[in-house]
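Novice: Structure file protein_20.cif (mmCIF, C-alpha atoms) is given on the next line.
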```
data_query
loop_
_atom_site.label_atom_id
_atom_site.label_comp_id
_atom_site.auth_asym_id
_atom_site.auth_seq_id
_atom_site.Cartn_x
_atom_site.Cartn_y
_atom_site.Cartn_z
CA MET A 1 0.00 0.00 0.00
CA VAL A 2 1.33 3.44 -0.96
CA SER A 3 1.80 5.71 2.06
CA ALA A 4 -0.98 8.23 2.69
CA ALA A 5 1.57 11.03 2.50
CA ALA A 6 2.65 9.93 -0.98
CA VAL A 7 -0.96 9.63 -2.19
CA ALA A 8 -1.90 13.07 -0.85
CA ALA A 9 1.25 14.62 -2.31
CA SER A 10 0.34 13.39 -5.79
CA VAL A 11 -3.10 15.07 -5.91
CA LEU A 12 -3.20 17.91 -8.47
CA ASP A 13 -4.41 21.43 -7.84
CA PRO A 14 -7.84 21.83 -9.49
CA GLU A 15 -7.13 25.31 -10.88
CA LEU A 16 -3.44 24.86 -11.74
CA PRO A 17 -3.37 21.18 -12.69
CA VAL A 18 0.32 21.35 -13.60
CA LEU A 19 1.08 21.51 -9.88
CA THR A 20 0.38 19.07 -7.09
CA LEU A 21 -1.14 20.37 -3.86
CA ALA A 22 2.26 19.65 -2.32
CA ASP A 23 4.07 21.76 -4.97
CA LEU A 24 1.66 24.61 -4.29
CA GLY A 25 2.36 24.45 -0.55
CA VAL A 26 -1.29 24.10 0.47
CA LEU A 27 -0.80 20.53 1.72
CA ARG A 28 0.40 21.14 5.27
CA GLU A 29 0.33 17.75 7.00
CA VAL A 30 -0.65 14.12 6.47
CA ARG A 31 -0.96 11.96 9.58
CA GLU A 32 -1.74 8.27 9.72
CA GLN A 33 -3.29 7.16 12.99
CA GLY A 34 -3.91 3.46 12.61
CA GLU A 35 -6.69 3.10 10.05
CA ARG A 36 -7.31 6.80 10.05
CA VAL A 37 -5.74 9.48 7.84
CA VAL A 38 -5.93 13.16 8.76
CA VAL A 39 -4.87 15.58 6.05
CA THR A 40 -4.47 19.30 6.72
CA ILE A 41 -4.66 21.85 3.91
CA THR A 42 -4.69 25.65 3.90
CA PRO A 43 -6.49 27.96 1.45
CA THR A 44 -4.45 30.23 -0.81
CA TYR A 45 -7.01 33.05 -0.49
CA SER A 46 -9.97 33.35 1.94
CA GLY A 47 -12.47 33.02 -0.90
CA CYS A 48 -10.63 30.43 -2.99
CA PRO A 49 -13.44 28.39 -4.58
CA ALA A 50 -11.08 25.47 -5.25
CA LEU A 51 -10.76 24.55 -1.59
CA ASP A 52 -13.78 22.30 -1.57
CA GLU A 53 -12.61 20.64 -4.73
CA MET A 54 -9.22 19.97 -3.10
CA ARG A 55 -10.94 18.30 -0.14
CA ALA A 56 -12.99 16.10 -2.44
CA ASP A 57 -9.97 15.19 -4.62
CA LEU A 58 -7.88 14.27 -1.57
CA THR A 59 -10.63 12.10 -0.13
CA ARG A 60 -11.19 10.42 -3.49
CA ALA A 61 -7.48 9.67 -4.03
CA LEU A 62 -6.94 8.33 -0.53
CA THR A 63 -10.09 6.21 -0.68
CA ALA A 64 -9.01 4.77 -4.03
CA ALA A 65 -5.64 3.91 -2.46
CA GLY A 66 -7.41 1.85 0.20
CA TYR A 67 -7.74 4.31 3.08
CA THR A 68 -11.28 4.09 4.40
CA ASP A 69 -11.30 6.68 7.18
CA VAL A 70 -10.15 10.01 5.76
CA GLU A 71 -10.58 13.44 7.29
CA VAL A 72 -9.47 16.64 5.54
CA ARG A 73 -8.99 19.61 7.83
CA THR A 74 -8.53 23.26 6.96
CA ALA A 75 -5.90 25.33 8.76
CA LEU A 76 -6.09 29.11 8.35
CA ALA A 77 -2.96 29.95 10.31
CA PRO A 78 -0.21 30.45 9.46
CA ALA A 79 -1.54 32.08 6.29
CA TRP A 80 -0.41 30.66 2.96
CA THR A 81 2.39 32.47 1.17
CA THR A 82 3.73 32.00 -2.35
CA ASP A 83 7.08 31.29 -0.66
CA TRP A 84 5.64 27.84 0.14
CA ILE A 85 5.51 26.91 -3.58
CA SER A 86 8.31 24.40 -4.04
CA GLU A 87 11.29 24.93 -6.39
CA GLU A 88 9.81 22.15 -8.48
CA GLY A 89 6.49 24.03 -8.47
CA LEU A 90 8.12 27.26 -9.69
CA ARG A 91 9.83 25.34 -12.51
CA LYS A 92 6.58 23.64 -13.59
CA LEU A 93 4.70 26.96 -13.62
CA ALA A 94 7.29 28.60 -15.88
CA GLU A 95 7.29 25.57 -18.17
CA HIS A 96 3.53 25.92 -18.59
CA GLY A 97 3.57 29.59 -19.48
CA ILE A 98 2.75 31.03 -16.04
CA ALA A 99 5.34 33.40 -14.60
CA PRO A 100 6.21 32.13 -11.12
CA PRO A 101 6.23 34.43 -8.08
CA ALA A 102 9.48 35.85 -6.74
CA ARG A 103 10.52 34.83 -3.24
CA ILE A 104 9.46 37.54 -0.79
CA GLY A 105 10.59 36.37 2.65
CA PRO A 106 8.80 37.34 5.87
CA ARG A 107 6.87 40.61 5.80
CA ALA A 108 8.41 43.50 7.69
CA ALA A 109 6.63 44.57 10.89
CA GLY A 110 4.43 47.68 10.88
CA PRO A 111 1.84 48.98 8.41
CA VAL A 112 1.85 47.52 4.89
CA PRO A 113 3.40 50.25 2.70
CA LEU A 114 1.12 51.88 0.13
CA THR A 115 1.95 51.18 -3.53
CA LEU A 116 0.84 54.04 -5.77
CA GLU A 117 2.26 52.68 -9.03
CA PRO A 118 2.30 49.19 -10.51
CA PRO A 119 5.37 47.55 -9.00
CA ALA A 120 8.57 47.87 -11.02
CA ALA A 121 9.41 44.22 -10.27
CA ARG A 122 10.89 42.67 -13.39
CA VAL A 123 8.81 39.62 -14.20
CA ALA A 124 10.32 37.64 -17.08
CA CYS A 125 8.05 36.54 -19.92
CA PRO A 126 7.61 32.77 -19.56
CA ARG A 127 7.52 32.37 -23.36
CA CYS A 128 10.50 34.35 -24.63
CA GLY A 129 12.34 35.20 -21.42
CA SER A 130 12.25 38.96 -22.03
CA ALA A 131 12.24 41.13 -18.91
CA ASN A 132 10.44 43.83 -20.89
CA THR A 133 6.95 43.07 -19.56
CA ARG A 134 4.24 45.16 -17.95
CA GLU A 135 1.29 44.58 -15.66
CA LEU A 136 -2.10 44.78 -17.41
CA SER A 137 -4.12 44.00 -14.31
CA ARG A 138 -3.30 43.00 -10.76
CA PHE A 139 -6.21 40.59 -10.87
CA GLY A 140 -6.41 37.66 -13.26
CA SER A 141 -8.51 34.58 -13.97
CA THR A 142 -8.09 33.31 -10.42
CA ALA A 143 -7.47 35.11 -7.13
CA CYS A 144 -3.79 34.17 -7.12
CA LYS A 145 -2.87 35.51 -10.56
CA ALA A 146 -2.14 38.88 -12.16
CA LEU A 147 -2.23 39.54 -15.91
CA ARG A 148 0.85 40.85 -17.74
CA SER A 149 1.98 41.29 -21.30
CA CYS A 150 5.36 41.03 -23.00
CA ALA A 151 6.57 43.98 -25.10
CA ASP A 152 8.91 41.76 -27.12
CA CYS A 153 6.89 38.68 -28.12
CA LYS A 154 3.61 40.64 -27.68
CA GLU A 155 1.95 37.77 -25.83
CA PRO A 156 -0.13 38.21 -22.69
CA PHE A 157 0.67 35.88 -19.81
CA GLU A 158 -0.33 35.18 -16.23
CA HIS A 159 1.81 35.73 -13.18
CA ILE A 160 1.30 34.22 -9.75
CA LYS A 161 1.37 37.34 -7.60
CA GLU A 162 3.48 37.33 -4.50
CA ILE A 163 1.62 37.21 -1.19
CA MET B 1 -14.61 14.48 -16.97
CA GLU B 2 -15.47 10.87 -16.27
CA ALA B 3 -19.03 9.67 -15.96
CA GLY B 4 -20.33 9.85 -12.41
CA GLU B 5 -17.63 12.33 -11.46
CA GLU B 6 -19.76 15.25 -10.48
CA ARG B 7 -18.07 18.61 -10.40
CA HIS B 8 -19.22 21.38 -8.09
CA TRP B 9 -17.81 24.86 -8.35
CA ALA B 10 -20.46 27.08 -6.84
CA PHE B 11 -20.49 27.81 -3.15
CA GLY B 12 -23.63 26.51 -1.59
CA THR B 13 -23.29 23.12 -3.22
CA GLY B 14 -22.01 20.50 -0.86
CA PHE B 15 -19.75 23.01 0.84
CA THR B 16 -18.51 21.66 4.15
CA ALA B 17 -18.13 23.94 7.15
CA ALA B 18 -15.84 26.81 6.27
CA LEU B 19 -13.90 26.39 9.48
CA SER B 20 -13.56 22.61 9.45
CA GLY B 21 -10.48 21.67 11.42
CA VAL B 22 -9.61 25.22 12.46
CA ASP B 23 -8.78 25.66 16.15
CA ARG B 24 -12.03 27.22 17.30
CA ALA B 25 -11.93 27.05 21.08
CA LEU B 26 -13.70 30.11 22.47
CA PRO B 27 -11.56 32.18 24.86
CA ALA B 28 -12.85 31.21 28.31
CA ASP B 29 -13.40 34.64 29.85
CA VAL B 30 -14.91 36.31 26.78
CA ASP B 31 -18.62 37.07 26.52
CA THR B 32 -19.76 34.85 23.67
CA ASP B 33 -22.70 37.12 22.76
CA ASP B 34 -20.25 39.97 22.30
CA LEU B 35 -17.92 37.79 20.25
CA ALA B 36 -20.80 36.68 18.02
CA ALA B 37 -21.93 40.30 17.55
CA TYR B 38 -18.40 41.44 16.72
CA ALA B 39 -17.78 38.65 14.20
CA LEU B 40 -21.10 39.62 12.63
CA MET B 41 -20.06 43.30 12.38
CA LEU B 42 -16.84 42.50 10.54
CA GLY B 43 -18.49 39.75 8.52
CA ASP B 44 -21.40 41.97 7.45
CA ASP B 45 -19.04 44.75 6.31
CA ALA B 46 -17.31 42.23 4.04
CA LEU B 47 -20.52 40.54 2.88
CA ILE B 48 -22.39 43.72 1.95
CA LEU B 49 -19.43 45.29 0.13
CA SER B 50 -18.89 42.00 -1.67
CA GLN B 51 -22.50 42.19 -2.87
CA ARG B 52 -22.04 45.81 -4.00
CA LEU B 53 -18.84 45.00 -5.91
CA ALA B 54 -20.40 41.94 -7.54
CA GLU B 55 -23.06 44.26 -9.01
CA TRP B 56 -20.31 45.57 -11.33
CA THR B 57 -19.73 42.18 -12.92
CA SER B 58 -20.08 42.70 -16.70
CA ARG B 59 -20.66 46.44 -16.12
CA ALA B 60 -17.14 47.71 -15.31
CA PRO B 61 -15.44 50.18 -17.67
CA GLU B 62 -13.05 47.53 -19.01
CA LEU B 63 -12.74 43.76 -18.94
CA GLU B 64 -9.69 43.76 -16.64
CA GLU B 65 -11.62 45.87 -14.15
CA ASP B 66 -14.56 43.52 -14.32
CA VAL B 67 -12.23 40.73 -13.28
CA ALA B 68 -10.55 42.87 -10.63
CA LEU B 69 -13.78 43.92 -8.89
CA ALA B 70 -15.08 40.34 -8.99
CA ASN B 71 -11.79 39.11 -7.47
CA ILE B 72 -12.00 41.68 -4.67
CA ALA B 73 -15.63 40.73 -4.08
CA LEU B 74 -14.59 37.07 -3.85
CA ASP B 75 -11.86 37.81 -1.29
CA LEU B 76 -14.37 39.73 0.83
CA LEU B 77 -16.97 36.98 0.46
CA GLY B 78 -14.38 34.47 1.70
CA GLN B 79 -13.66 36.64 4.73
CA ALA B 80 -17.40 37.09 5.33
CA ARG B 81 -18.06 33.34 5.26
CA LEU B 82 -15.40 32.66 7.88
CA LEU B 83 -16.60 35.50 10.10
CA LEU B 84 -20.29 34.59 9.81
CA THR B 85 -19.44 30.97 10.58
CA ARG B 86 -17.56 32.18 13.67
CA ALA B 87 -20.53 34.33 14.67
CA ALA B 88 -22.89 31.35 14.36
CA GLU B 89 -20.52 29.21 16.40
CA ALA B 90 -20.04 31.75 19.21
CA ASP B 91 -23.77 32.35 19.32
CA GLY B 92 -24.40 28.69 20.08
CA VAL B 93 -27.79 28.87 18.34
CA ALA B 94 -28.52 26.41 15.56
CA CYS B 95 -27.68 28.55 12.54
CA ASP B 96 -24.92 28.78 9.97
CA GLU B 97 -23.36 31.25 7.54
CA ASP B 98 -26.22 30.86 5.03
CA THR B 99 -28.93 31.43 7.63
CA LEU B 100 -27.12 34.56 8.76
CA ALA B 101 -26.56 35.88 5.25
CA PHE B 102 -29.95 35.10 3.76
CA GLU B 103 -32.50 34.98 6.56
CA ARG B 104 -31.79 38.04 8.63
CA ASP B 105 -33.80 41.21 8.14
CA GLU B 106 -32.39 44.66 7.60
CA HIS B 107 -32.32 45.70 11.28
CA GLU B 108 -30.30 42.58 12.14
CA PHE B 109 -27.37 43.49 9.86
CA ARG B 110 -24.43 45.04 11.73
CA ASN B 111 -22.43 46.56 8.85
CA THR B 112 -21.41 50.20 8.81
CA ARG B 113 -23.48 52.27 6.37
CA LEU B 114 -20.49 53.02 4.11
CA VAL B 115 -20.63 49.57 2.50
CA GLU B 116 -24.34 49.67 1.67
CA VAL B 117 -24.35 53.03 -0.18
CA ASP B 118 -25.41 52.56 -3.80
CA CYS B 119 -22.31 53.59 -5.77
CA GLY B 120 -23.55 52.15 -9.06
CA PRO B 121 -23.45 50.71 -11.64
CA GLY B 122 -27.10 51.82 -11.64
CA PRO B 123 -28.38 55.41 -11.76
CA GLY B 124 -26.97 57.75 -9.14
CA GLY B 125 -23.80 55.73 -8.78
CA ASP B 126 -20.52 55.83 -10.60
CA PHE B 127 -17.34 53.78 -11.05
CA ALA B 128 -15.38 56.63 -9.45
CA ALA B 129 -17.64 56.50 -6.38
CA THR B 130 -17.08 52.75 -6.17
CA ILE B 131 -13.32 53.38 -6.22
CA ALA B 132 -13.64 56.14 -3.61
CA ARG B 133 -15.53 53.81 -1.29
CA LEU B 134 -13.09 50.94 -1.86
CA LEU B 135 -10.18 53.26 -1.07
CA VAL B 136 -11.70 54.32 2.25
CA PHE B 137 -12.99 50.86 3.19
CA ALA B 138 -9.81 48.93 2.35
CA THR B 139 -7.56 51.50 4.05
CA HIS B 140 -9.67 51.23 7.20
CA ARG B 141 -9.99 47.45 7.08
CA LEU B 142 -6.29 46.91 6.46
CA ALA B 143 -5.41 48.98 9.54
CA LEU B 144 -8.02 47.03 11.51
CA LEU B 145 -6.98 43.54 10.36
CA GLN B 146 -3.30 44.25 11.04
CA ARG B 147 -4.16 44.89 14.68
CA LEU B 148 -6.70 42.06 14.85
CA VAL B 149 -3.91 39.55 14.13
CA GLY B 150 -3.11 40.00 17.84
CA SER B 151 -6.67 39.08 18.91
CA ARG B 152 -7.07 36.53 21.70
CA ASP B 153 -9.71 34.81 19.59
CA PRO B 154 -7.80 32.30 17.46
CA VAL B 155 -10.28 32.46 14.59
CA LEU B 156 -10.39 36.26 14.36
CA SER B 157 -6.60 36.29 14.50
CA ALA B 158 -6.28 33.72 11.69
CA VAL B 159 -8.92 35.38 9.49
CA ALA B 160 -7.15 38.72 9.99
CA ALA B 161 -3.70 37.35 9.11
CA LYS B 162 -5.01 36.04 5.79
CA GLY B 163 -7.10 39.13 5.16
CA VAL B 164 -4.17 41.53 5.54
CA LYS B 165 -2.52 40.11 2.43
CA GLU B 166 -5.73 40.34 0.40
CA VAL B 167 -6.92 43.77 1.52
CA ALA B 168 -3.47 45.31 0.90
CA TYR B 169 -4.04 44.51 -2.79
CA HIS B 170 -7.54 45.99 -2.68
CA ARG B 171 -6.34 49.23 -1.14
CA ASP B 172 -3.48 49.68 -3.58
CA HIS B 173 -5.79 48.94 -6.51
CA ALA B 174 -8.22 51.65 -5.37
CA ALA B 175 -5.35 54.08 -4.68
CA GLN B 176 -3.93 53.58 -8.18
CA TRP B 177 -7.36 54.16 -9.77
CA THR B 178 -7.81 57.29 -7.66
CA LEU B 179 -4.58 58.69 -9.12
CA ARG B 180 -5.55 57.68 -12.64
CA LEU B 181 -9.01 59.25 -12.46
CA ALA B 182 -7.90 62.40 -10.63
CA GLY B 183 -5.00 62.89 -13.03
CA GLY B 184 -6.88 61.93 -16.21
CA THR B 185 -9.19 64.38 -17.93
CA GLU B 186 -11.03 67.26 -16.36
CA TYR B 187 -14.17 65.12 -16.55
CA SER B 188 -12.66 62.05 -14.87
CA ARG B 189 -11.27 64.31 -12.16
CA GLU B 190 -14.70 65.84 -11.53
CA ARG B 191 -16.19 62.39 -11.18
CA MET B 192 -13.47 61.27 -8.74
CA ILE B 193 -14.14 64.33 -6.59
CA ALA B 194 -17.90 63.71 -6.76
CA GLY B 195 -17.31 60.06 -5.79
CA LEU B 196 -15.34 61.03 -2.70
CA ASP B 197 -18.02 63.57 -1.76
CA LEU B 198 -20.69 60.87 -2.06
CA VAL B 199 -19.04 58.46 0.39
CA TRP B 200 -17.38 60.91 2.78
CA PRO B 201 -20.45 61.45 5.04
CA TYR B 202 -20.16 57.77 6.05
CA VAL B 203 -16.48 57.84 7.03
CA GLU B 204 -16.87 59.19 10.55
CA GLU B 205 -18.98 56.17 11.55
CA LEU B 206 -15.99 53.88 10.86
CA PHE B 207 -14.10 55.36 13.79
CA THR B 208 -16.90 55.35 16.36
CA ALA B 209 -16.67 52.41 18.73
CA HIS B 210 -19.85 50.44 19.34
CA PRO B 211 -20.17 49.29 23.00
CA VAL B 212 -19.47 45.70 21.84
CA GLU B 213 -16.26 46.83 20.14
CA ALA B 214 -15.22 48.82 23.21
CA ARG B 215 -15.83 45.91 25.61
CA LEU B 216 -14.06 43.38 23.41
CA ALA B 217 -11.15 45.77 22.77
CA ASP B 218 -10.66 45.93 26.56
CA ALA B 219 -10.72 42.12 26.64
CA GLY B 220 -7.98 41.90 23.99
CA VAL B 221 -10.31 40.37 21.39
CA ALA B 222 -11.34 43.32 19.20
CA VAL B 223 -9.79 46.52 17.90
CA ASP B 224 -11.09 49.90 19.08
CA PRO B 225 -11.83 51.65 15.75
CA ALA B 226 -10.86 55.04 17.24
CA GLU B 227 -7.28 53.73 17.34
CA LEU B 228 -7.24 53.42 13.56
CA ARG B 229 -7.84 57.04 12.69
CA ALA B 230 -4.26 58.31 12.62
CA GLU B 231 -3.05 55.54 10.35
CA VAL B 232 -6.07 55.75 8.02
CA ASP B 233 -5.77 59.56 7.80
CA GLU B 234 -2.10 59.30 6.95
CA VAL B 235 -2.65 56.78 4.13
CA LEU B 236 -5.61 58.69 2.66
CA ASP B 237 -3.72 61.99 2.83
CA THR B 238 -0.79 60.38 0.99
CA VAL B 239 -3.16 59.31 -1.79
CA PHE B 240 -4.94 62.71 -1.88
CA THR B 241 -1.62 64.56 -2.05
CA ALA B 242 -0.30 62.32 -4.84
CA ALA B 243 -3.60 62.81 -6.73
CA ASP B 244 -3.66 66.57 -6.03
CA LEU B 245 -7.05 66.23 -4.36
CA GLN B 246 -8.44 68.03 -1.34
CA ARG B 247 -9.64 65.91 1.57
CA PRO B 248 -13.47 66.12 1.34
CA THR B 249 -15.18 68.21 3.97
CA ALA B 250 -18.75 66.87 3.83
CA ALA B 251 -20.29 66.54 7.30
CA ALA B 252 -21.12 63.14 8.75
CA ARG B 253 -24.53 61.86 7.72
CA ALA B 254 -27.13 61.78 10.50
CA GLY B 255 -28.82 58.52 11.52
CA GLY B 256 -27.34 55.13 12.11
CA PRO B 257 -25.20 53.63 13.32
CA GLY B 258 -25.28 50.62 11.03
CA ARG B 259 -23.68 48.63 13.87
CA ASP B 260 -27.04 48.99 15.71
CA GLY B 261 -28.95 47.81 12.66
CA ILE B 262 -30.04 51.31 11.63
CA HIS B 263 -29.41 51.52 7.90
CA THR B 264 -30.01 53.81 4.93
CA GLU B 265 -32.78 53.43 2.39
CA ALA B 266 -30.36 51.62 0.06
CA MET B 267 -30.07 48.60 2.34
CA GLY B 268 -33.55 47.13 1.79
CA TYR B 269 -33.11 47.05 -1.98
CA LEU B 270 -29.68 45.47 -1.62
CA LEU B 271 -30.99 42.72 0.67
CA ALA B 272 -34.00 42.08 -1.56
CA GLU B 273 -31.67 41.26 -4.42
CA MET B 274 -29.15 39.33 -2.32
CA GLN B 275 -31.70 37.21 -0.48
CA HIS B 276 -34.62 36.67 -2.80
CA ILE B 277 -33.54 33.35 -4.38
CA HIS B 278 -32.78 31.79 -1.01
CA ARG B 279 -36.03 33.05 0.47
CA SER B 280 -38.11 32.04 -2.54
CA MET B 281 -36.67 28.54 -2.64
CA PRO B 282 -35.42 27.63 0.84
CA GLY B 283 -32.88 24.81 0.80
CA ALA B 284 -32.52 24.83 -3.00
CA LEU B 285 -29.19 23.59 -4.38
CA TRP B 286 -27.72 23.85 -7.83
#
```
In structure tokens, what does this structure look like?

Specialist:
Amino acid sequence: MVSAAAVAASVLDPELPVLTLADLGVLREVREQGERVVVTITPTYSGCPALDEMRADLTRALTAAGYTDVEVRTALAPAWTTDWISEEGLRKLAEHGIAPPARIGPRAAGPVPLTLEPPAARVACPRCGSANTRELSRFGSTACKALRSCADCKEPFEHIKEI
Amino acid sequence: MEAGEERHWAFGTGFTAALSGVDRALPADVDTDDLAAYALMLGDDALILSQRLAEWTSRAPELEEDVALANIALDLLGQARLLLTRAAEADGVACDEDTLAFERDEHEFRNTRLVEVDCGPGPGGDFAATIARLLVFATHRLALLQRLVGSRDPVLSAVAAKGVKEVAYHRDHAAQWTLRLAGGTEYSRERMIAGLDLVWPYVEELFTAHPVEARLADAGVAVDPAELRAEVDEVLDTVFTAADLQRPTAAARAGGPGRDGIHTEAMGYLLAEMQHIHRSMPGALW
């Protein structure tokens, strides 16, 4: 029998199916207690509609692997950060035309500074590699993505925004 | 999709408890009625503004903005669901987030009046007014959530820590639009100024502590909104200065407070639209 941790780690993210839930960093813990498996996941954003789908997919995969007593818990704290996306996850995103987030490290204490202009961060185009890209919108097709376009190859692309 | 593999995307369909598995022990010495009321206040602010922003779906000035406002609405709806679930739990009465959202009447909603004002897309409203309100609301809520991370209630603290990251994006989005509109054409500038004038009478209410907020702030659970004023003023003044705008001077609107369930005439229409499907077909799923 494949370990519960290995089964859970192989489940794909429903909105970014190039990544596993483990790559994305939302899979926080898998515990086997005798017959019982307790999986803990965390949402990317408070309103992420994929969370329920993740629960169902985890339960389905573990049940198919022979685990009969599966509980999927949600942990809100500590809050998810894009820094939890694995190196492998970043590589897969870029390969599939989605610009991966930069590493941001822990947030400084005190008020969050106001940003009055689109950030100058140089996000490379995942198609041609050009750094000559600009932000079209801070909000994209899902809560975790922004929309950018490349001035060199003229293609629009998505970027996982850093949080 | 394989046969028999049913896919559900909409909330309200087989959605398990929003707080499943979250540490939800109630702090022992905290009045649970107060905690329920406070979670409702913060949850209703998010829920009602989410409803207002969702009204712009397919009506925003450009496609990207349509997506942006819907994304912001979704973040706020997520926060509202967690807070309403917490309110139901602290209350100890058999109800849940849906009962609270769809079966309460106007006087039972605890949101501040700012979020219910009709800023469009219908007549009388305007995109610029929507941006003005979002700027004020997100600036205030960001300052609040940053402090609420230190709450002794583990759920409020966790919801706040997630919310800070989301609302920081909302605030900056509104601030950037404020600059764009104020610095665009003479006409866009006029509309930005009119938008700020429309929402400004409801700003004062954001800083007035309700007795529940005051009691829970003393207990280390809530944030006293009066504490937020200096930080909010500083951020708004930075935006106004960069946009070459004057801080509006409109006097506070009489009536209210929304925290006591005393709302404006806009609230009934909003609730009628938000609640009518649920009330017409109780228990319906799709």

Novice: Would you list the contacts of Leu24 of chain A as a ChimeraX atom specification, taking every protein, DNA or RNA residue within 8 Å and counting all atoms listed in the file, but skipping same-chain residues closer than 3 positions in sequence?

Specialist: /A:13,19-21,27,82,84-86,89

Novice: Could you please give me, as an NGL selection string, the residues of protein, DNA or RNA lying at most 9 Å from (-28.9, 46.1, 4.8) in the coordinate frame of the file, considering all atoms listed in the file?

Specialist: :B and (44 or 48 or 105-111 or 113 or 116 or 258 or 261-271)

Novice: Output the residue selection produced by the PyMOL selection byres ((chain B and resi 51) around 12) on the file above, formatted as a tab-separated table (two decimals) with C-alpha atoms, in the coordinates of the input.

Specialist:
```
chain	number	residue	atom	x	y	z
B	44	ASP	CA	-21.40	41.97	7.45
B	45	ASP	CA	-19.04	44.75	6.31
B	46	ALA	CA	-17.31	42.23	4.04
B	47	LEU	CA	-20.52	40.54	2.88
B	48	ILE	CA	-22.39	43.72	1.95
B	49	LEU	CA	-19.43	45.29	0.13
B	50	SER	CA	-18.89	42.00	-1.67
B	52	ARG	CA	-22.04	45.81	-4.00
B	53	LEU	CA	-18.84	45.00	-5.91
B	54	ALA	CA	-20.40	41.94	-7.54
B	55	GLU	CA	-23.06	44.26	-9.01
B	56	TRP	CA	-20.31	45.57	-11.33
B	57	THR	CA	-19.73	42.18	-12.92
B	69	LEU	CA	-13.78	43.92	-8.89
B	70	ALA	CA	-15.08	40.34	-8.99
B	72	ILE	CA	-12.00	41.68	-4.67
B	73	ALA	CA	-15.63	40.73	-4.08
B	74	LEU	CA	-14.59	37.07	-3.85
B	75	ASP	CA	-11.86	37.81	-1.29
B	76	LEU	CA	-14.37	39.73	0.83
B	77	LEU	CA	-16.97	36.98	0.46
B	80	ALA	CA	-17.40	37.09	5.33
B	101	ALA	CA	-26.56	35.88	5.25
B	115	VAL	CA	-20.63	49.57	2.50
B	116	GLU	CA	-24.34	49.67	1.67
B	117	VAL	CA	-24.35	53.03	-0.18
B	118	ASP	CA	-25.41	52.56	-3.80
B	119	CYS	CA	-22.31	53.59	-5.77
B	120	GLY	CA	-23.55	52.15	-9.06
B	267	MET	CA	-30.07	48.60	2.34
B	269	TYR	CA	-33.11	47.05	-1.98
B	270	LEU	CA	-29.68	45.47	-1.62
B	271	LEU	CA	-30.99	42.72	0.67
B	272	ALA	CA	-34.00	42.08	-1.56
B	273	GLU	CA	-31.67	41.26	-4.42
B	274	MET	CA	-29.15	39.33	-2.32
B	275	GLN	CA	-31.70	37.21	-0.48
```

Novice: Applied to this file, what does the PyMOL selection byres ((chain A) within 6 of (chain B)) return in terms of residues, put as JSON, numbers by chain?

Specialist: {"A": [46, 47, 73, 74, 75, 76, 77, 79, 115, 116, 139, 143]}

Novice: Would you be able to write out as a PyMOL selection string which residues have an atom within 8 Å of (7.4, 31.0, -26.3) in the file's coordinates, counting all atoms listed in the file?

Specialist: chain A and resi 97+126-128+153

Novice: Quick one: of A:Pro118, A:Gly66, A:Pro101, A:Pro111, who's nearest to Leu136 of chain A, counting all atoms listed in the file?

Specialist: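 So, comparing all the options, the nearest one is A:Pro118.
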
Novice: In Å, rounded to a single decimal, give me how far atom CA of Asp33 of chain B is from atom CA of Leu83 of chain B.

Specialist: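 Value for the atom CA of Leu83 of chain B-atom CA of Asp33 of chain B distance: 14.1 Å.
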
Novice: Taking all atoms listed in the file into account, which of A:Ile160, A:Ala9, A:Cys144, A:Ala109 comes nearest Val123 of chain A?

Specialist: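 Comparing A:Ile160, A:Ala9, A:Cys144, A:Ala109 against Val123 of chain A, the winner is A:Ile160.
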
Novice: Find the distance between atom CA of Tyr187 of chain B and atom CA of Ser137 of chain A and write it in Å to one decimal.

Specialist: 23.5 Å

Novice: Between A:Leu90, A:Val11, A:Ala5, A:Ala99, single out the one closest to Glu29 of chain A, counting only C-alpha atoms.

Specialist: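 When distances to Glu29 of chain A are compared using only C-alpha atoms, the smallest one comes from A:Ala5.
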
Novice: Evaluate the PyMOL selection byres ((chain B and resi 254) around 10) on the structure here and hand back the selected residues as a PDB file with C-alpha atoms, in the coordinates of the input.

Specialist:
```pdb
ATOM      1  CA  PRO B 201     -20.450  61.450   5.040  1.00  0.00           C
ATOM      2  CA  TYR B 202     -20.160  57.770   6.050  1.00  0.00           C
ATOM      3  CA  GLU B 205     -18.980  56.170  11.550  1.00  0.00           C
ATOM      4  CA  ALA B 251     -20.290  66.540   7.300  1.00  0.00           C
ATOM      5  CA  ALA B 252     -21.120  63.140   8.750  1.00  0.00           C
ATOM      6  CA  ARG B 253     -24.530  61.860   7.720  1.00  0.00           C
ATOM      7  CA  GLY B 255     -28.820  58.520  11.520  1.00  0.00           C
ATOM      8  CA  GLY B 256     -27.340  55.130  12.110  1.00  0.00           C
ATOM      9  CA  PRO B 257     -25.200  53.630  13.320  1.00  0.00           C
TER      10      PRO B 257
END
```

Novice: Work out how far apart atom CA of Arg229 of chain B and atom CA of Phe207 of chain B are and give it in Å to one decimal.

Specialist: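 Between atom CA of Arg229 of chain B and atom CA of Phe207 of chain B the gap works out to 6.6 Å.
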